[in-house]
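So this one's my_file02.cif, mmCIF, C-alpha atoms and all ligand atoms:
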data_final
loop_
_atom_site.label_atom_id
_atom_site.label_comp_id
_atom_site.auth_asym_id
_atom_site.auth_seq_id
_atom_site.Cartn_x
_atom_site.Cartn_y
_atom_site.Cartn_z
CA MET A 1 88.18 88.74 31.60
CA ASN A 2 90.07 88.19 34.87
CA PRO A 3 93.77 88.64 33.86
CA ASN A 4 94.91 86.20 36.59
CA LYS A 5 92.65 83.48 35.13
CA ALA A 6 93.57 84.37 31.54
CA LEU A 7 97.28 84.07 32.31
CA TRP A 8 96.97 80.49 33.57
CA GLU A 9 94.42 79.33 31.00
CA LYS A 10 96.81 80.52 28.31
CA GLY A 11 98.95 77.76 26.86
CA ASP A 12 98.92 74.45 28.67
CA PHE A 13 100.58 74.23 32.08
CA THR A 14 100.19 70.42 32.06
CA ARG A 15 103.19 70.35 29.66
CA ILE A 16 105.37 71.95 32.36
CA ALA A 17 103.76 69.95 35.18
CA ALA A 18 104.91 66.77 33.41
CA THR A 19 108.46 67.71 34.48
CA MET A 20 107.37 68.11 38.12
CA ARG A 21 105.88 64.68 38.92
CA GLU A 22 108.83 63.06 40.74
CA SER A 23 109.46 66.03 43.01
CA GLY A 24 105.71 66.40 43.58
CA GLU A 25 105.55 62.80 44.89
CA ALA A 26 108.67 63.29 47.05
CA LEU A 27 107.32 66.53 48.49
CA VAL A 28 103.98 64.96 49.43
CA ASP A 29 105.90 62.23 51.31
CA THR A 30 107.12 64.95 53.68
CA PHE A 31 103.59 66.20 54.49
CA GLY A 32 102.79 63.41 56.98
CA ILE A 33 99.47 62.57 55.33
CA ALA A 34 97.30 60.06 57.16
CA LYS A 35 94.53 57.98 55.59
CA ASN A 36 91.25 59.92 55.32
CA HIS A 37 92.97 63.21 56.09
CA LYS A 38 91.03 66.02 54.41
CA VAL A 39 93.48 67.85 52.15
CA LEU A 40 93.05 71.00 50.07
CA ASP A 41 95.47 71.61 47.20
CA LEU A 42 95.09 75.26 46.27
CA GLY A 43 96.34 76.41 42.87
CA CYS A 44 96.62 72.69 42.20
CA GLY A 45 97.16 72.78 38.43
CA ASP A 46 96.55 69.27 37.10
CA GLY A 47 97.39 67.68 40.46
CA THR A 48 101.18 67.51 40.89
CA THR A 49 100.58 67.30 44.65
CA ALA A 50 96.84 66.52 44.78
CA ILE A 51 97.17 63.15 43.01
CA PRO A 52 100.05 61.84 45.20
CA ALA A 53 98.17 63.03 48.32
CA ALA A 54 95.09 61.05 47.21
CA LYS A 55 97.26 58.01 46.42
CA ARG A 56 98.39 58.12 50.06
CA GLY A 57 94.78 57.82 51.23
CA ALA A 58 93.77 61.45 51.78
CA ASP A 59 90.43 62.83 50.73
CA VAL A 60 91.59 65.60 48.37
CA LEU A 61 90.00 68.69 46.88
CA GLY A 62 92.05 70.53 44.26
CA VAL A 63 91.03 74.13 43.62
CA ASP A 64 92.38 76.12 40.70
CA ILE A 65 91.37 79.24 38.80
CA ALA A 66 92.13 77.73 35.37
CA SER A 67 89.23 75.67 34.00
CA ASN A 68 91.49 73.75 31.57
CA LEU A 69 93.70 72.61 34.46
CA VAL A 70 90.67 71.59 36.56
CA THR A 71 89.51 69.43 33.63
CA ALA A 72 93.01 67.95 33.26
CA GLY A 73 93.14 67.22 37.02
CA ASN A 74 89.79 65.42 37.01
CA ARG A 75 90.93 63.43 33.98
CA ARG A 76 94.15 62.39 35.75
CA ALA A 77 92.24 61.42 38.93
CA LYS A 78 90.05 59.15 36.78
CA GLU A 79 93.07 57.66 35.02
CA HIS A 80 94.57 56.85 38.43
CA ALA A 81 91.18 55.45 39.61
CA LEU A 82 91.15 57.92 42.52
CA SER A 83 87.55 58.49 43.58
CA ASN A 84 88.93 60.39 46.63
CA CYS A 85 90.36 63.23 44.51
CA LYS A 86 88.19 65.95 43.06
CA PHE A 87 89.16 69.17 41.25
CA GLN A 88 87.01 72.29 41.04
CA GLU A 89 87.34 75.84 39.81
CA GLY A 90 87.91 78.53 42.42
CA ASP A 91 89.91 81.61 43.33
CA ALA A 92 92.44 81.43 46.18
CA SER A 93 91.56 85.02 47.11
CA ASP A 94 87.89 84.15 47.56
CA MET A 95 86.96 80.47 47.84
CA GLN A 96 83.21 80.95 47.82
CA ASP A 97 82.32 77.26 47.48
CA VAL A 98 84.56 76.04 50.30
CA GLU A 99 83.27 75.80 53.87
CA ASP A 100 85.06 77.02 57.01
CA ASP A 101 87.32 74.54 58.88
CA ALA A 102 86.94 71.96 56.10
CA PHE A 103 90.55 70.65 55.91
CA ASP A 104 93.18 69.03 58.15
CA LEU A 105 95.85 70.20 55.75
CA SER A 106 95.76 73.01 53.19
CA VAL A 107 98.60 72.87 50.71
CA SER A 108 99.62 75.33 48.02
CA ILE A 109 102.75 74.55 46.05
CA PHE A 110 103.66 77.41 43.70
CA GLY A 111 99.90 78.01 43.37
CA ALA A 112 98.22 80.56 45.66
CA MET A 113 101.33 82.73 45.41
CA PHE A 114 100.06 83.72 41.94
CA ALA A 115 96.65 84.93 43.16
CA PRO A 116 96.03 88.67 43.58
CA ARG A 117 95.27 90.14 47.03
CA PRO A 118 97.75 88.14 49.16
CA PHE A 119 96.17 89.19 52.47
CA ASP A 120 92.86 87.69 51.30
CA VAL A 121 94.67 84.51 50.25
CA ALA A 122 96.16 84.05 53.74
CA LYS A 123 92.75 84.76 55.30
CA GLU A 124 91.06 82.22 53.04
CA MET A 125 93.65 79.52 53.71
CA VAL A 126 93.24 80.01 57.46
CA ARG A 127 89.43 80.08 57.18
CA VAL A 128 89.17 76.73 55.39
CA THR A 129 91.71 74.94 57.63
CA ARG A 130 90.37 73.50 60.89
CA PRO A 131 91.83 74.70 64.21
CA GLY A 132 94.69 72.29 64.98
CA GLY A 133 95.26 71.74 61.24
CA ARG A 134 98.18 72.88 59.10
CA ILE A 135 98.91 74.99 56.04
CA ILE A 136 101.95 74.21 53.88
CA MET A 137 102.99 76.56 51.10
CA GLY A 138 105.83 76.28 48.61
CA ASN A 139 106.81 79.69 47.23
CA TRP A 140 109.50 80.79 44.80
CA ILE A 141 111.99 83.27 46.27
CA PRO A 142 112.66 86.68 44.67
CA ASN A 143 116.17 87.08 43.23
CA ASP A 144 117.06 83.50 44.06
CA PRO A 145 119.67 82.34 41.54
CA THR A 146 117.86 79.07 40.72
CA LEU A 147 115.53 78.28 37.81
CA VAL A 148 112.00 79.56 38.36
CA ALA A 149 112.90 82.80 40.13
CA GLN A 150 115.27 83.51 37.22
CA ILE A 151 112.69 82.60 34.51
CA LEU A 152 110.20 84.99 36.12
CA LYS A 153 112.86 87.68 36.55
CA ILE A 154 114.06 87.40 32.94
CA SER A 155 110.47 87.23 31.62
CA SER A 156 109.42 90.33 33.56
CA ALA A 157 112.29 92.32 32.03
CA TYR A 158 110.67 91.81 28.59
CA THR A 159 107.04 92.32 29.68
CA PRO A 160 105.35 95.74 30.12
CA PRO A 161 105.20 96.87 33.77
CA PRO A 162 102.18 95.50 35.69
CA PRO A 163 99.27 97.83 36.57
CA GLU A 164 99.64 100.09 39.59
CA GLY A 165 98.87 98.33 42.87
CA PHE A 166 99.92 94.92 41.53
CA VAL A 167 101.65 92.91 44.27
CA SER A 168 104.39 90.64 42.93
CA PRO A 169 103.75 86.91 43.53
CA MET A 170 107.42 86.68 44.51
CA THR A 171 106.68 88.56 47.77
CA TRP A 172 105.33 85.17 48.98
CA GLY A 173 108.99 84.12 49.03
CA VAL A 174 109.87 86.81 51.60
CA GLU A 175 109.51 85.61 55.20
CA GLY A 176 108.50 89.02 56.58
CA SER A 177 105.68 89.45 54.04
CA VAL A 178 104.37 85.92 54.63
CA THR A 179 104.39 86.46 58.40
CA GLU A 180 102.55 89.77 58.05
CA ARG A 181 99.82 88.12 55.94
CA PHE A 182 99.18 85.16 58.25
CA VAL A 183 99.36 87.32 61.39
CA ALA A 184 96.72 89.59 59.82
CA ALA A 185 94.65 86.42 59.28
CA GLY A 186 94.80 85.75 63.04
CA VAL A 187 97.72 83.30 63.34
CA PRO A 188 100.25 83.96 66.14
CA GLU A 189 103.71 84.63 64.72
CA ASN A 190 105.33 81.71 66.58
CA GLN A 191 103.07 79.30 64.67
CA ILE A 192 104.60 80.25 61.32
CA THR A 193 107.83 78.52 60.34
CA PHE A 194 110.11 78.64 57.31
CA LYS A 195 112.58 76.34 55.62
CA ARG A 196 114.48 76.41 52.32
CA ASP A 197 113.76 73.34 50.24
CA THR A 198 114.53 72.05 46.74
CA PHE A 199 112.18 71.06 43.92
CA THR A 200 113.74 69.32 40.92
CA PHE A 201 112.44 69.52 37.35
CA HIS A 202 113.11 66.39 35.25
CA SER A 203 112.64 66.28 31.51
CA PRO A 204 113.52 63.74 28.82
CA ASP A 205 114.12 66.78 26.57
CA SER A 206 117.24 68.92 26.24
CA PRO A 207 117.45 72.30 28.04
CA GLU A 208 116.85 74.07 24.70
CA GLU A 209 113.74 71.96 24.05
CA LEU A 210 112.52 72.70 27.57
CA VAL A 211 112.84 76.44 26.88
CA GLY A 212 110.62 75.75 23.85
CA LEU A 213 108.00 74.20 26.15
CA PHE A 214 108.01 77.27 28.39
CA ARG A 215 107.86 79.55 25.32
CA ASN A 216 104.83 77.70 23.90
CA TYR A 217 102.93 76.58 27.01
CA TYR A 218 103.82 78.57 30.19
CA GLY A 219 101.63 81.71 30.48
CA PRO A 220 104.22 84.12 31.98
CA THR A 221 106.89 83.11 29.42
CA MET A 222 104.38 83.20 26.55
CA ASN A 223 103.49 86.78 27.50
CA ALA A 224 107.15 87.73 27.69
CA PHE A 225 107.77 86.35 24.18
CA GLU A 226 104.69 88.14 22.79
CA ALA A 227 105.99 91.45 24.20
CA ALA A 228 109.57 90.72 23.09
CA GLU A 229 108.41 89.90 19.54
CA LYS A 230 106.74 93.30 19.30
CA ASN A 231 110.07 94.94 20.23
CA GLY A 232 112.19 92.68 18.01
CA ARG A 233 113.78 91.16 21.14
CA ALA A 234 112.45 87.58 21.00
CA GLU A 235 115.81 86.13 19.96
CA GLU A 236 117.54 87.88 22.85
CA LEU A 237 114.98 86.44 25.29
CA GLN A 238 115.37 82.96 23.77
CA GLU A 239 119.17 83.13 24.18
CA GLU A 240 118.93 84.40 27.76
CA LEU A 241 116.60 81.55 28.73
CA GLU A 242 118.64 78.88 26.90
CA ASP A 243 121.71 80.10 28.70
CA LEU A 244 119.90 79.88 32.04
CA PHE A 245 118.55 76.35 31.42
CA LYS A 246 121.90 75.05 30.14
CA THR A 247 123.87 76.50 33.06
CA GLN A 248 121.42 75.10 35.60
CA ASN A 249 121.18 71.62 34.03
CA ARG A 250 122.67 68.95 36.32
CA ASN A 251 121.96 66.00 34.01
CA GLN A 252 125.09 64.18 32.78
CA ARG A 253 123.43 63.91 29.35
CA ARG A 254 123.02 67.07 27.33
CA ASP A 255 119.87 65.79 25.64
CA MET A 256 118.01 65.51 28.97
CA THR A 257 117.32 68.03 31.72
CA THR A 258 117.48 67.86 35.51
CA ILE A 259 117.27 71.23 37.23
CA PRO A 260 116.96 71.74 41.01
CA ALA A 261 115.26 74.93 42.17
CA THR A 262 115.16 76.43 45.65
CA PHE A 263 111.88 77.44 47.26
CA LEU A 264 110.61 78.74 50.59
CA ARG A 265 108.57 76.17 52.46
CA VAL A 266 106.09 77.82 54.81
CA THR A 267 104.31 75.84 57.53
CA VAL A 268 101.48 77.39 59.52
CA ALA A 269 99.95 75.69 62.54
CA VAL A 270 96.35 76.90 62.59
C1 LIG B 301 102.96 77.32 38.63
S1 LIG B 301 101.36 76.59 38.57
C2 LIG B 301 101.51 75.33 39.83
C3 LIG B 301 100.47 74.24 39.74
C4 LIG B 301 100.62 73.08 40.72
N1 LIG B 301 100.51 73.51 42.11
C5 LIG B 301 101.88 72.32 40.49
O1 LIG B 301 102.76 72.34 41.36
O2 LIG B 301 101.99 71.69 39.41
C6 LIG B 301 100.35 77.85 39.34
C7 LIG B 301 98.93 77.41 39.49
O3 LIG B 301 98.21 78.36 40.29
C8 LIG B 301 96.95 78.57 39.72
N2 LIG B 301 96.42 79.87 40.14
C9 LIG B 301 96.88 81.11 39.79
N3 LIG B 301 96.13 82.05 40.36
C10 LIG B 301 95.17 81.41 41.09
C11 LIG B 301 94.08 81.85 41.90
N4 LIG B 301 93.79 83.16 42.05
N5 LIG B 301 93.31 80.93 42.51
C12 LIG B 301 93.54 79.61 42.33
N6 LIG B 301 94.54 79.13 41.56
C13 LIG B 301 95.36 80.01 40.96
C14 LIG B 301 97.21 78.47 38.23
O4 LIG B 301 96.06 78.28 37.46
C15 LIG B 301 98.20 77.32 38.16
O5 LIG B 301 97.56 76.08 38.06
#
Show this structure as structure tokens.
Amino acid sequence: MNPNKALWEKGDFTRIAATMRESGEALVDTFGIAKNHKVLDLGCGDGTTAIPAAKRGADVLGVDIASNLVTAGNRRAKEHALSNCKFQEGDASDMQDVEDDAFDLSVSIFGAMFAPRPFDVAKEMVRVTRPGGRIIMGNWIPNDPTLVAQILKISSAYTPPPPEGFVSPMTWGVEGSVTERFVAAGVPENQITFKRDTFTFHSPDSPEELVGLFRNYYGPTMNAFEAAEKNGRAEELQEELEDLFKTQNRNQRRDMTTIPATFLRVTVAV
């Protein structure tokens, strides 16, 4: 079994994605999508950005490695009566079923960063985007003090070390590494730009309840708890995460959660 696929099919990422809808919509508004634009959403999950892009008139293909999320995406497209939004299974490192130059805009928000072989990912994103088109990536930043970078950092401290040769997804949040990958894919360096941006998680649940959602449904955190349980450290991990979520919560009410998180926005002119 492909461990990358297994990680994201574990649990149910749609439970986390439910806290990302408002920011997903707001982010898509900044993409400058025109009607009938051909848009790829890579590592799309259940369509946090694919669905809003289709609502704005684009012709959208969502590609994701997790079959349960592809099913959830197609279900959501149907619920929203979007015949211009289709989800299919595929690997960002090797999109066999996707033709060259097929998209005006290829987007990957916290998606392709989790695929192995980052140089292949950059090459694939460039291959499927037409000359004159754009790539937009949203990537979490290593050691950033905000939510997701900290969840992944805390989780990794409880998880056994990855196999040799494993490249951390967080390297997609380092400008130099991103530049190196797209330059190797044939893009001139001056066509790659970076900006820090904010994505806000909103939940009607308390920070403690939200930790529970990550513990039960978010693959990387589930793995961390499984490993921590074996070492008798699950309570310690729970406390560390609750502390993080409570400190980061900006909601006036303690029984609801609003947490802004910083990410690196990468734009590539192909
Ligand atoms: C943190 S989730 C983000 C999902 C979505 N973009 C969103 O913002 O809600 C990461 C997504 O990347 C997908 N993913 C991970 N590795 C992948 C790969 N090699 N190819 C395609 N998708 C991948 C996962 O299945 C998951 O849906």
- Query: Taking all atoms listed in the file into account, which residues are within 9 Å of ligand LIG 301 (chain B), as a ChimeraX atom specification?
  - Reply: /A:4-9,13-14,16-18,20-21,24,41-50,63-70,89-95,107-117,121,138,218
- So which residues are close to (110.9, 76.1, 36.6), meaning at most 7 Å away in the file's coordinates with only C-alpha atoms counted, and can you show them as a VMD selection string? chain A and resid 147 to 148 201
- Task: Within 10 Å of Gly132 in chain A, counting only C-alpha atoms, which residues show up once you throw out same-chain ones fewer than 4 positions away? Write them as a ChimeraX atom specification, please.
- Result: /A:101,104-105,269-270
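Among the candidates A:Arg134, A:Gly173, A:Phe87, A:Thr146, the residue lying nearest to Pro118 in chain A is A:Gly173 (atoms considered: all atoms listed in the file).
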Return as CSV the residues of range 78-158 of chain A lying at most 12 Å from range 220-237 of chain A, together with the closest atom-to-atom pair for each and the distance in Å to one decimal, counting all atoms listed in the file, with rows in chain order and ascending residue number.
residue,atom,partner,partner_atom,distance
A:Phe114,CA,A:Pro220,CA,10.8
A:Val148,CA,A:Thr221,CA,10.9
A:Ala149,CA,A:Pro220,CA,12.0
A:Gln150,CA,A:Thr221,CA,11.5
A:Ile151,CA,A:Thr221,CA,7.7
A:Leu152,CA,A:Pro220,CA,7.3
A:Lys153,CA,A:Thr221,CA,10.4
A:Ile154,CA,A:Leu237,CA,7.8
A:Ser155,CA,A:Ala224,CA,5.2
A:Ser156,CA,A:Ala224,CA,6.8
A:Ala157,CA,A:Ala224,CA,8.1
A:Tyr158,CA,A:Ala224,CA,5.5
Once you have the residues from the selection above, write them out as a PDB file, in the coordinates of the input, restricted to C-alpha atoms.
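File written: part07.pdb
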ATOM      1  CA  PHE A 114     100.060  83.720  41.940  1.00  0.00           C
ATOM      2  CA  VAL A 148     112.000  79.560  38.360  1.00  0.00           C
ATOM      3  CA  ALA A 149     112.900  82.800  40.130  1.00  0.00           C
ATOM      4  CA  GLN A 150     115.270  83.510  37.220  1.00  0.00           C
ATOM      5  CA  ILE A 151     112.690  82.600  34.510  1.00  0.00           C
ATOM      6  CA  LEU A 152     110.200  84.990  36.120  1.00  0.00           C
ATOM      7  CA  LYS A 153     112.860  87.680  36.550  1.00  0.00           C
ATOM      8  CA  ILE A 154     114.060  87.400  32.940  1.00  0.00           C
ATOM      9  CA  SER A 155     110.470  87.230  31.620  1.00  0.00           C
ATOM     10  CA  SER A 156     109.420  90.330  33.560  1.00  0.00           C
ATOM     11  CA  ALA A 157     112.290  92.320  32.030  1.00  0.00           C
ATOM     12  CA  TYR A 158     110.670  91.810  28.590  1.00  0.00           C
TER      13      TYR A 158
END
- Task: Using CA of Glu22 in chain A and CA of Leu210 in chain A as the two end points, give the distance in Å to one decimal.
- Result: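 Spanning CA of Glu22 in chain A to CA of Leu210 in chain A is a straight-line distance of 16.7 Å.
What separates CA of Asp12 in chain A from CA of Gly219 in chain A is a distance of 8.0 Å.
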- Within 6 Å of range 51-61 of chain A, counting all atoms listed in the file, which residues show up once you throw out same-chain ones fewer than 2 positions away? Write them as a list in words, please.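 My reading of the contact set: Glu25, Lys35, Asn36, His37, Lys38, Val39, Leu40, Gly47, Thr49, Asn84, Cys85, Lys86 and Phe87 of chain A.
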So that all listed atoms of range 14-32 of chain A fit with 3 Å spare on each side, what axis-aligned box centre and edge lengths in Å, to one decimal, would you give as lines of an AutoDock Vina configuration file?
center_x = 104.8
center_y = 67.1
center_z = 43.3
size_x = 15.3
size_y = 15.7
size_z = 33.3
- So which residues touch Ile141 in chain A within 9 Å, counting all atoms listed in the file, skipping near sequence neighbours fewer than 5 positions away, as a PyMOL selection string? chain A and resi 148-149+170-174+262-264
Please save C-alpha atoms of the selected residues as a CSV table (one decimal), keeping the file's coordinate frame.
chain,number,residue,atom,x,y,z
A,148,VAL,CA,112.0,79.6,38.4
A,149,ALA,CA,112.9,82.8,40.1
A,170,MET,CA,107.4,86.7,44.5
A,171,THR,CA,106.7,88.6,47.8
A,172,TRP,CA,105.3,85.2,49.0
A,173,GLY,CA,109.0,84.1,49.0
A,174,VAL,CA,109.9,86.8,51.6
A,262,THR,CA,115.2,76.4,45.6
A,263,PHE,CA,111.9,77.4,47.3
A,264,LEU,CA,110.6,78.7,50.6
- Query: So how many Å separate CA of Val266 in chain A and CA of Met137 in chain A, to one decimal?
  - Reply: 5.0 Å
- Query: A:Lys78, A:Met256, A:Pro131, A:Glu124: which is nearest His202 in chain A, counting only C-alpha atoms?
  - Reply: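 Smallest distance to His202 in chain A is found for A:Met256.
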